[in-house]
Amino acid sequence: MQFRDLRAQYQRYKTEIDAAIQKVLCSANFIGGNEVAELEEQLAEYVGVKHCVTCANGTEAMTLVLMAWGIKEGDAVFVPDFTFFATGEVVAFRGATPVFVDVERDTFNIDPLKLEKAIKRTIKEGKLTPKAVIPVDLFGLPANYPEIEKIARKYNLLVLEDGAQGMGGNINGKRACSFGNAATTSFFPAKPLGCYGDGGAVFTDDDGLAQLVKSLKVHGKGKNKYDNVRIGVNSRLDAIQAAILKVKLRALIEHELEDVNRVYRLYNERLQGIVETPVIPEGYYSSFAQYTIKLKNKQQRDELQAKLKEQGIPSMIYYIKPMHKQGAFSYLEYDDQDFKVVNELCDIVLSLPMHPYLSEEAVESVAESIQKFYHFLYK
Ligand SMILES: *Cc1c(COP(=O)(O)O)cnc(C)c1O
């Protein structure tokens with residue numbers, strides 16, 4: 001069994017993907033060009049924003065936005081404590097300070113109440129200037145943007161949606177990567193919309209921001225790449241990756257999102273009452289980058305993972321360490337008491353095999369192994 005079966009997806013779309021790659025090879029346009037422009041147009045339309053600007057990966061997409069916003073030393077940027085390292089890294093990379101915020105136990109996403117508390121505390125301490133918040137759509141579920149955007153307006157903060165895992169999700173029909181002042185995603189192969197290498201994109205309705213990001217990603221270009229008006233970076237999506245993504249975006253829209261949600265319901269039916277299953281709030285739709293259960297304690301989680309492994313069932317721990325405990329952030333002063341939820345989650349979460357091509361029989365066999373584990377445990 002595969003944790004995320006990229007081979008099954010390729011087999012289903014082999015003819016189209018091979019043809020798309022072949023077309024780029026024959027055109028000999030490997031950087032930029034029509035493929036990239038068309039993908040950006042299609043993504044902007046799907047997400048429901050004016051601009052999509054592709055770049056080298058999801059981490060750079062966030063960095064480009066923070067560069068464009070002029071985030072710098074002395075600025076505070078609020079980041080959930082439960083996420084992939086990059087969300088905090090990009091803030092520190094700009095010289096600013098990531099202020100980690102605890103998450104909601106049910107949704108795994110940044111807790112708006114604790115976000116406001118962290119903002120107030122930062123203002124009171126007076127050392128850093130609150131500038132932005134980067135909510136993450138963890139495991140495919142959009143963060144609580146209605147509340148976060150209210151708080152951001154109140155304290156005049158910019159919102160950057162980290163939609164690396166979120167493509168395809170929505171809140172009452174408003175799609176992931178359309179929230180906040182800007183959003184970013186990643187096309188890393190295992191994400192809900194992945195390519196066959198690295199890739200990323202910035203989304204925004206802000207014309208000025210889009211222009212700035214387009215300049216920054218090409219060495220701070222002015223009229224063209226040889227007219228440089230600011231210091232930028234080199235951050236591109238290859239034409240081959242864009243061609244592959246056009247096929248995969250269609251697959252995501254046509255059936256993959258429905259299929260992962262079908263797998264979610266099958267898992268939930270079989271696991272409810274045995275373990276804590278994912279909670280999707282009313283009006284929210286997840287793209288299920290991960291299907292993550294919660295166990296009673298660390299020992300049970302580790303034992304279950306070992307048991308599943310024995311039976312050839314892969315599982316992953318996202319995430320084993322809170323951001324505030326990462327060695328790279330040890331220079332920050334934090335109070336471990338502020339992260340009660342994340343500290344617990346890191347001990348009890350387990351992500352099960354999840355992808356659009358997972359069969360009902362496979363779900364059945366994972367669920368059965370878990371049922372047996374608990375039966376044995378409480379016999
Ligand atoms: C994957 C991921 C990123 C980084 O994306 P890359 O394309 O690997 O740079 C950022 N944030 C989150 C939450 C992610 O899961």
# chains A, B, ... in the order shown; residues from 1 in each chain; ligands from 1
$ residues_around --residues "Val65 (chain A)" --least-positions-apart "2" --cutoff "8 Å" --atoms "only C-alpha atoms" --output "PyMOL selection string"
chain A and resi 61-63+67-69+182+202+209+213
$ write_last_selection --atoms "N, CA, C and O atoms" --output "compact mmCIF listing (two decimals), in the first residue's frame"
# COMPACT_ATOMS: atom_id res chain seq x y z
N ALA A 61 7.53 31.11 -2.77
CA ALA A 61 6.29 31.87 -2.99
C ALA A 61 6.02 32.75 -1.76
O ALA A 61 5.72 33.94 -1.89
N MET A 62 6.16 32.16 -0.57
CA MET A 62 5.94 32.93 0.66
C MET A 62 7.00 34.01 0.83
O MET A 62 6.70 35.15 1.19
N THR A 63 8.26 33.64 0.55
CA THR A 63 9.35 34.62 0.67
C THR A 63 9.12 35.81 -0.26
O THR A 63 9.33 36.97 0.13
N MET A 67 8.91 39.61 0.90
CA MET A 67 9.84 40.60 0.32
C MET A 67 9.05 41.79 -0.22
O MET A 67 9.38 42.95 0.02
N ALA A 68 7.99 41.48 -0.96
CA ALA A 68 7.17 42.54 -1.58
C ALA A 68 6.54 43.42 -0.50
O ALA A 68 6.38 44.63 -0.70
N TRP A 69 6.16 42.81 0.61
CA TRP A 69 5.55 43.58 1.69
C TRP A 69 6.59 44.33 2.54
O TRP A 69 6.23 45.05 3.46
N ALA A 182 -2.93 37.91 0.32
CA ALA A 182 -2.24 37.08 -0.67
C ALA A 182 -2.23 35.66 -0.15
O ALA A 182 -2.41 35.43 1.05
N VAL A 202 1.98 32.24 -6.20
CA VAL A 202 1.41 33.31 -5.37
C VAL A 202 0.06 33.67 -5.98
O VAL A 202 -0.06 33.76 -7.21
N LEU A 209 0.80 44.27 -5.77
CA LEU A 209 1.56 43.14 -5.22
C LEU A 209 1.95 42.17 -6.33
O LEU A 209 3.09 41.70 -6.40
N VAL A 213 5.75 41.06 -7.24
CA VAL A 213 6.20 39.67 -7.17
C VAL A 213 6.76 39.23 -8.53
O VAL A 213 7.78 38.56 -8.62
$ closest_atom_pairs --of "chain A" --to "ligand 1" --cutoff "9 Å" --atoms "only C-alpha atoms and all ligand atoms" --output "JSON lines"
{"residue": "A:Ala56", "atom": "CA", "partner": "ligand 1", "partner_atom_place_in_ligand_line": "7 (O)", "distance": 7.6}
{"residue": "A:Asn57", "atom": "CA", "partner": "ligand 1", "partner_atom_place_in_ligand_line": "7 (O)", "distance": 3.9}
{"residue": "A:Gly58", "atom": "CA", "partner": "ligand 1", "partner_atom_place_in_ligand_line": "7 (O)", "distance": 3.5}
{"residue": "A:Thr59", "atom": "CA", "partner": "ligand 1", "partner_atom_place_in_ligand_line": "9 (O)", "distance": 3.7}
{"residue": "A:Glu60", "atom": "CA", "partner": "ligand 1", "partner_atom_place_in_ligand_line": "9 (O)", "distance": 6.4}
{"residue": "A:Ala61", "atom": "CA", "partner": "ligand 1", "partner_atom_place_in_ligand_line": "9 (O)", "distance": 7.9}
{"residue": "A:Met62", "atom": "CA", "partner": "ligand 1", "partner_atom_place_in_ligand_line": "10 (C)", "distance": 8.0}
{"residue": "A:Thr83", "atom": "CA", "partner": "ligand 1", "partner_atom_place_in_ligand_line": "13 (C)", "distance": 5.4}
{"residue": "A:Phe84", "atom": "CA", "partner": "ligand 1", "partner_atom_place_in_ligand_line": "13 (C)", "distance": 4.9}
{"residue": "A:Phe85", "atom": "CA", "partner": "ligand 1", "partner_atom_place_in_ligand_line": "11 (N)", "distance": 7.2}
{"residue": "A:Ala86", "atom": "CA", "partner": "ligand 1", "partner_atom_place_in_ligand_line": "10 (C)", "distance": 5.0}
{"residue": "A:Thr87", "atom": "CA", "partner": "ligand 1", "partner_atom_place_in_ligand_line": "11 (N)", "distance": 5.1}
{"residue": "A:Gly88", "atom": "CA", "partner": "ligand 1", "partner_atom_place_in_ligand_line": "11 (N)", "distance": 8.8}
{"residue": "A:Val136", "atom": "CA", "partner": "ligand 1", "partner_atom_place_in_ligand_line": "13 (C)", "distance": 5.8}
{"residue": "A:Asp137", "atom": "CA", "partner": "ligand 1", "partner_atom_place_in_ligand_line": "13 (C)", "distance": 7.1}
{"residue": "A:Leu138", "atom": "CA", "partner": "ligand 1", "partner_atom_place_in_ligand_line": "13 (C)", "distance": 6.3}
{"residue": "A:Phe139", "atom": "CA", "partner": "ligand 1", "partner_atom_place_in_ligand_line": "15 (O)", "distance": 8.0}
{"residue": "A:Asp162", "atom": "CA", "partner": "ligand 1", "partner_atom_place_in_ligand_line": "11 (N)", "distance": 5.9}
{"residue": "A:Gly163", "atom": "CA", "partner": "ligand 1", "partner_atom_place_in_ligand_line": "13 (C)", "distance": 6.9}
{"residue": "A:Ala164", "atom": "CA", "partner": "ligand 1", "partner_atom_place_in_ligand_line": "14 (C)", "distance": 4.7}
{"residue": "A:Gln165", "atom": "CA", "partner": "ligand 1", "partner_atom_place_in_ligand_line": "15 (O)", "distance": 5.3}
{"residue": "A:Gly166", "atom": "CA", "partner": "ligand 1", "partner_atom_place_in_ligand_line": "13 (C)", "distance": 8.5}
{"residue": "A:Thr184", "atom": "CA", "partner": "ligand 1", "partner_atom_place_in_ligand_line": "10 (C)", "distance": 8.5}
{"residue": "A:Thr185", "atom": "CA", "partner": "ligand 1", "partner_atom_place_in_ligand_line": "5 (O)", "distance": 7.1}
{"residue": "A:Ser186", "atom": "CA", "partner": "ligand 1", "partner_atom_place_in_ligand_line": "7 (O)", "distance": 4.1}
{"residue": "A:Phe187", "atom": "CA", "partner": "ligand 1", "partner_atom_place_in_ligand_line": "7 (O)", "distance": 5.8}
{"residue": "A:Phe188", "atom": "CA", "partner": "ligand 1", "partner_atom_place_in_ligand_line": "7 (O)", "distance": 4.9}
{"residue": "A:Pro189", "atom": "CA", "partner": "ligand 1", "partner_atom_place_in_ligand_line": "7 (O)", "distance": 8.8}
{"residue": "A:Ala190", "atom": "CA", "partner": "ligand 1", "partner_atom_place_in_ligand_line": "1 (C)", "distance": 8.6}
{"residue": "A:Lys191", "atom": "CA", "partner": "ligand 1", "partner_atom_place_in_ligand_line": "1 (C)", "distance": 7.1}
{"residue": "A:Asp198", "atom": "CA", "partner": "ligand 1", "partner_atom_place_in_ligand_line": "7 (O)", "distance": 6.0}
{"residue": "A:Gly199", "atom": "CA", "partner": "ligand 1", "partner_atom_place_in_ligand_line": "7 (O)", "distance": 5.9}
{"residue": "A:Gly200", "atom": "CA", "partner": "ligand 1", "partner_atom_place_in_ligand_line": "7 (O)", "distance": 5.7}
{"residue": "A:Ala289", "atom": "CA", "partner": "ligand 1", "partner_atom_place_in_ligand_line": "15 (O)", "distance": 8.9}
$ residues_around --residues "Lys372 (chain A)" --least-positions-apart "2" --cutoff "12 Å" --atoms "only C-alpha atoms" --output "list in words"
Leu271, Ile274, Leu304, Lys307, Leu308, Gln311, Ser365, Val366, Ala367, Glu368, Ser369, Ile370, Tyr374, His375, Phe376, Leu377, Tyr378 and Lys379 of chain A
$ select_by_dssp --residues "region 8-247 of chain A" --states "alpha helix (DSSP H)" --output "JSON, numbers by chain"
{"A": [8, 9, 10, 11, 12, 13, 14, 15, 16, 17, 18, 19, 20, 21, 22, 23, 24, 25, 26, 27, 33, 34, 35, 36, 37, 38, 39, 40, 41, 42, 43, 44, 45, 46, 47, 58, 59, 60, 61, 62, 63, 64, 65, 66, 67, 68, 86, 87, 88, 89, 90, 91, 92, 93, 112, 113, 114, 115, 116, 117, 118, 119, 120, 121, 122, 123, 124, 125, 145, 146, 147, 148, 149, 150, 151, 152, 153, 154, 207, 208, 209, 210, 211, 212, 213, 214, 215, 216, 239, 240, 241, 242, 243, 244, 245, 246, 247]}
$ atom_distance --atom1 "CA of Asp259 (chain A)" --atom2 "CA of Pro356 (chain A)"
4.9 Å
$ residues_around --residues "Lys309 (chain A)" --least-positions-apart "3" --cutoff "12 Å" --atoms "only C-alpha atoms" --output "ChimeraX atom specification"
/A:1-3,302-306,312-316,352-353,366,369-370
$ select_by_dssp --residues "region 15-222 of chain A" --states "strand (DSSP E)" --output "ChimeraX atom specification"
/A:51-55,75-80,97-101,129-133,158-162,170-171,174-175,182-186,200-204
$ write_last_selection --atoms "N, CA, C and O atoms" --output "compact mmCIF listing (two decimals), in the first residue's frame"
# COMPACT_ATOMS: atom_id res chain seq x y z
N HIS A 51 -4.90 37.41 -9.89
CA HIS A 51 -3.53 37.09 -10.32
C HIS A 51 -3.01 35.80 -9.73
O HIS A 51 -3.17 35.56 -8.53
N CYS A 52 -2.36 35.02 -10.57
CA CYS A 52 -1.56 33.87 -10.12
C CYS A 52 -0.18 34.07 -10.72
O CYS A 52 -0.06 34.25 -11.93
N VAL A 53 0.84 34.06 -9.88
CA VAL A 53 2.23 34.18 -10.35
C VAL A 53 2.98 32.94 -9.88
O VAL A 53 3.13 32.73 -8.68
N THR A 54 3.42 32.11 -10.82
CA THR A 54 4.11 30.88 -10.44
C THR A 54 5.57 31.17 -10.10
O THR A 54 6.13 32.18 -10.52
N CYS A 55 6.17 30.25 -9.35
CA CYS A 55 7.58 30.40 -8.98
C CYS A 55 8.16 29.03 -8.66
O CYS A 55 7.54 28.01 -8.94
N ASP A 75 9.98 43.23 12.82
CA ASP A 75 8.56 42.92 12.56
C ASP A 75 8.19 41.58 13.20
O ASP A 75 8.99 40.65 13.20
N ALA A 76 6.96 41.52 13.70
CA ALA A 76 6.42 40.26 14.20
C ALA A 76 5.45 39.70 13.17
O ALA A 76 4.61 40.42 12.65
N VAL A 77 5.62 38.42 12.86
CA VAL A 77 4.69 37.73 11.95
C VAL A 77 4.17 36.50 12.70
O VAL A 77 4.96 35.69 13.19
N PHE A 78 2.84 36.41 12.80
CA PHE A 78 2.22 35.35 13.60
C PHE A 78 2.00 34.10 12.75
O PHE A 78 1.45 34.17 11.65
N VAL A 79 2.46 32.98 13.28
CA VAL A 79 2.51 31.72 12.54
C VAL A 79 2.01 30.60 13.45
O VAL A 79 2.37 30.57 14.63
N PRO A 80 1.21 29.66 12.93
CA PRO A 80 0.79 28.55 13.78
C PRO A 80 1.99 27.71 14.22
O PRO A 80 2.95 27.54 13.46
N THR A 97 10.65 38.32 13.06
CA THR A 97 10.49 37.34 14.13
C THR A 97 9.17 36.59 14.00
O THR A 97 8.10 37.20 14.03
N PRO A 98 9.24 35.25 13.87
CA PRO A 98 7.99 34.49 13.89
C PRO A 98 7.47 34.38 15.32
O PRO A 98 8.23 34.03 16.22
N VAL A 99 6.21 34.75 15.52
CA VAL A 99 5.58 34.58 16.83
C VAL A 99 4.63 33.40 16.70
O VAL A 99 3.63 33.48 15.96
N PHE A 100 4.96 32.30 17.35
CA PHE A 100 4.17 31.09 17.19
C PHE A 100 2.90 31.14 18.03
O PHE A 100 2.89 31.68 19.13
N VAL A 101 1.84 30.58 17.45
CA VAL A 101 0.52 30.62 18.10
C VAL A 101 -0.02 29.18 18.15
O VAL A 101 0.11 28.43 17.17
N THR A 129 7.07 45.02 15.99
CA THR A 129 5.89 45.61 15.37
C THR A 129 5.07 44.52 14.67
O THR A 129 5.55 43.93 13.71
N PRO A 130 3.85 44.26 15.14
CA PRO A 130 3.02 43.26 14.45
C PRO A 130 2.73 43.70 13.02
O PRO A 130 2.27 44.82 12.81
N LYS A 131 3.04 42.83 12.05
CA LYS A 131 2.87 43.20 10.64
C LYS A 131 1.96 42.25 9.88
O LYS A 131 1.20 42.67 9.02
N ALA A 132 2.06 40.96 10.17
CA ALA A 132 1.32 40.00 9.34
C ALA A 132 1.03 38.72 10.10
O ALA A 132 1.62 38.47 11.15
N VAL A 133 0.08 37.96 9.54
CA VAL A 133 -0.21 36.63 10.08
C VAL A 133 -0.21 35.66 8.90
O VAL A 133 -0.66 36.02 7.80
N LEU A 158 -1.41 42.30 7.76
CA LEU A 158 -1.57 41.65 6.47
C LEU A 158 -1.77 40.15 6.70
O LEU A 158 -1.21 39.60 7.65
N VAL A 159 -2.57 39.52 5.85
CA VAL A 159 -2.79 38.07 5.97
C VAL A 159 -2.22 37.37 4.73
O VAL A 159 -2.58 37.70 3.60
N LEU A 160 -1.33 36.42 4.98
CA LEU A 160 -0.80 35.57 3.91
C LEU A 160 -1.27 34.14 4.18
O LEU A 160 -0.89 33.53 5.18
N GLU A 161 -2.12 33.64 3.30
CA GLU A 161 -2.61 32.26 3.45
C GLU A 161 -1.55 31.28 2.94
O GLU A 161 -1.21 31.32 1.76
N ASP A 162 -1.05 30.41 3.81
CA ASP A 162 -0.14 29.35 3.37
C ASP A 162 -1.01 28.17 2.93
O ASP A 162 -1.41 27.33 3.74
N ASN A 170 -12.37 24.69 0.43
CA ASN A 170 -13.12 25.95 0.40
C ASN A 170 -13.89 26.18 1.69
O ASN A 170 -14.06 25.26 2.50
N ILE A 171 -14.33 27.44 1.88
CA ILE A 171 -15.25 27.78 2.97
C ILE A 171 -16.48 28.36 2.31
O ILE A 171 -16.41 29.42 1.67
N LYS A 174 -16.01 29.62 -1.16
CA LYS A 174 -14.86 30.49 -1.44
C LYS A 174 -13.59 29.63 -1.33
O LYS A 174 -13.33 29.05 -0.28
N ARG A 175 -12.84 29.56 -2.41
CA ARG A 175 -11.77 28.57 -2.50
C ARG A 175 -10.49 28.94 -1.75
O ARG A 175 -10.15 30.13 -1.63
N ALA A 182 -2.93 37.91 0.32
CA ALA A 182 -2.24 37.08 -0.67
C ALA A 182 -2.23 35.66 -0.15
O ALA A 182 -2.41 35.43 1.05
N ALA A 183 -2.06 34.73 -1.07
CA ALA A 183 -1.98 33.32 -0.69
C ALA A 183 -0.86 32.68 -1.50
O ALA A 183 -0.47 33.20 -2.55
N THR A 184 -0.37 31.56 -0.99
CA THR A 184 0.67 30.83 -1.73
C THR A 184 0.33 29.35 -1.72
O THR A 184 -0.40 28.88 -0.85
N THR A 185 0.85 28.64 -2.71
CA THR A 185 0.73 27.18 -2.67
C THR A 185 2.03 26.56 -3.13
O THR A 185 2.95 27.25 -3.59
N SER A 186 2.11 25.23 -2.96
CA SER A 186 3.27 24.44 -3.35
C SER A 186 2.82 23.35 -4.30
O SER A 186 1.76 22.77 -4.11
N GLY A 200 5.71 26.33 -7.25
CA GLY A 200 4.88 27.05 -6.29
C GLY A 200 4.19 28.20 -6.99
O GLY A 200 4.43 28.47 -8.17
N ALA A 201 3.30 28.88 -6.26
CA ALA A 201 2.59 30.01 -6.85
C ALA A 201 2.10 30.98 -5.78
O ALA A 201 1.86 30.58 -4.64
N VAL A 202 1.98 32.24 -6.20
CA VAL A 202 1.41 33.31 -5.37
C VAL A 202 0.06 33.67 -5.98
O VAL A 202 -0.06 33.76 -7.21
N PHE A 203 -0.94 33.92 -5.14
CA PHE A 203 -2.27 34.33 -5.59
C PHE A 203 -2.65 35.63 -4.91
O PHE A 203 -2.44 35.78 -3.70
N THR A 204 -3.20 36.55 -5.67
CA THR A 204 -3.67 37.79 -5.04
C THR A 204 -4.61 38.57 -5.97
O THR A 204 -4.57 38.41 -7.20
$ residues_around --residues "Asn34 (chain A)" --least-positions-apart "5" --cutoff "12 Å" --atoms "only C-alpha atoms" --output "short mmCIF file (atom, residue, chain, number, x, y, z; two decimals) with C-alpha atoms, in the first residue's frame"
data_model
loop_
_atom_site.label_atom_id
_atom_site.label_comp_id
_atom_site.auth_asym_id
_atom_site.auth_seq_id
_atom_site.Cartn_x
_atom_site.Cartn_y
_atom_site.Cartn_z
CA LYS A 23 4.80 19.02 -26.64
CA VAL A 24 7.17 21.08 -24.49
CA SER A 27 8.59 23.39 -28.75
CA ALA A 28 12.01 23.73 -27.02
CA ASN A 29 10.52 26.48 -24.83
CA LEU A 39 -1.50 27.48 -16.15
CA GLU A 40 -1.43 30.81 -14.29
CA GLU A 41 -4.65 31.86 -16.02
CA GLN A 42 -6.40 28.57 -15.25
CA ASP A 238 9.53 25.14 -15.61
CA ALA A 239 7.36 24.86 -18.74
CA ILE A 240 7.39 21.04 -18.38
CA ALA A 242 3.35 23.78 -15.98
CA ALA A 243 2.27 21.40 -18.76
CA LYS A 246 -2.51 21.63 -16.44
#
$ closest_residue --among "A:Asp347, A:Ile280, A:Asn156, A:Met323" --to "Lys298 (chain A)" --atoms "only C-alpha atoms"
A:Asp347
$ residues_around --residues "region 260-265 of chain A" --least-positions-apart "2" --cutoff "10 Å" --atoms "only C-alpha atoms" --output "number ranges by chain"
A: 192, 252, 255-258, 267-271, 277-278, 285-292, 353-360, 362-363
$ residues_around --residues "Lys225 (chain A)" --least-positions-apart "6" --cutoff "9 Å" --atoms "only C-alpha atoms" --output "ChimeraX atom specification"
/A:215,218-219
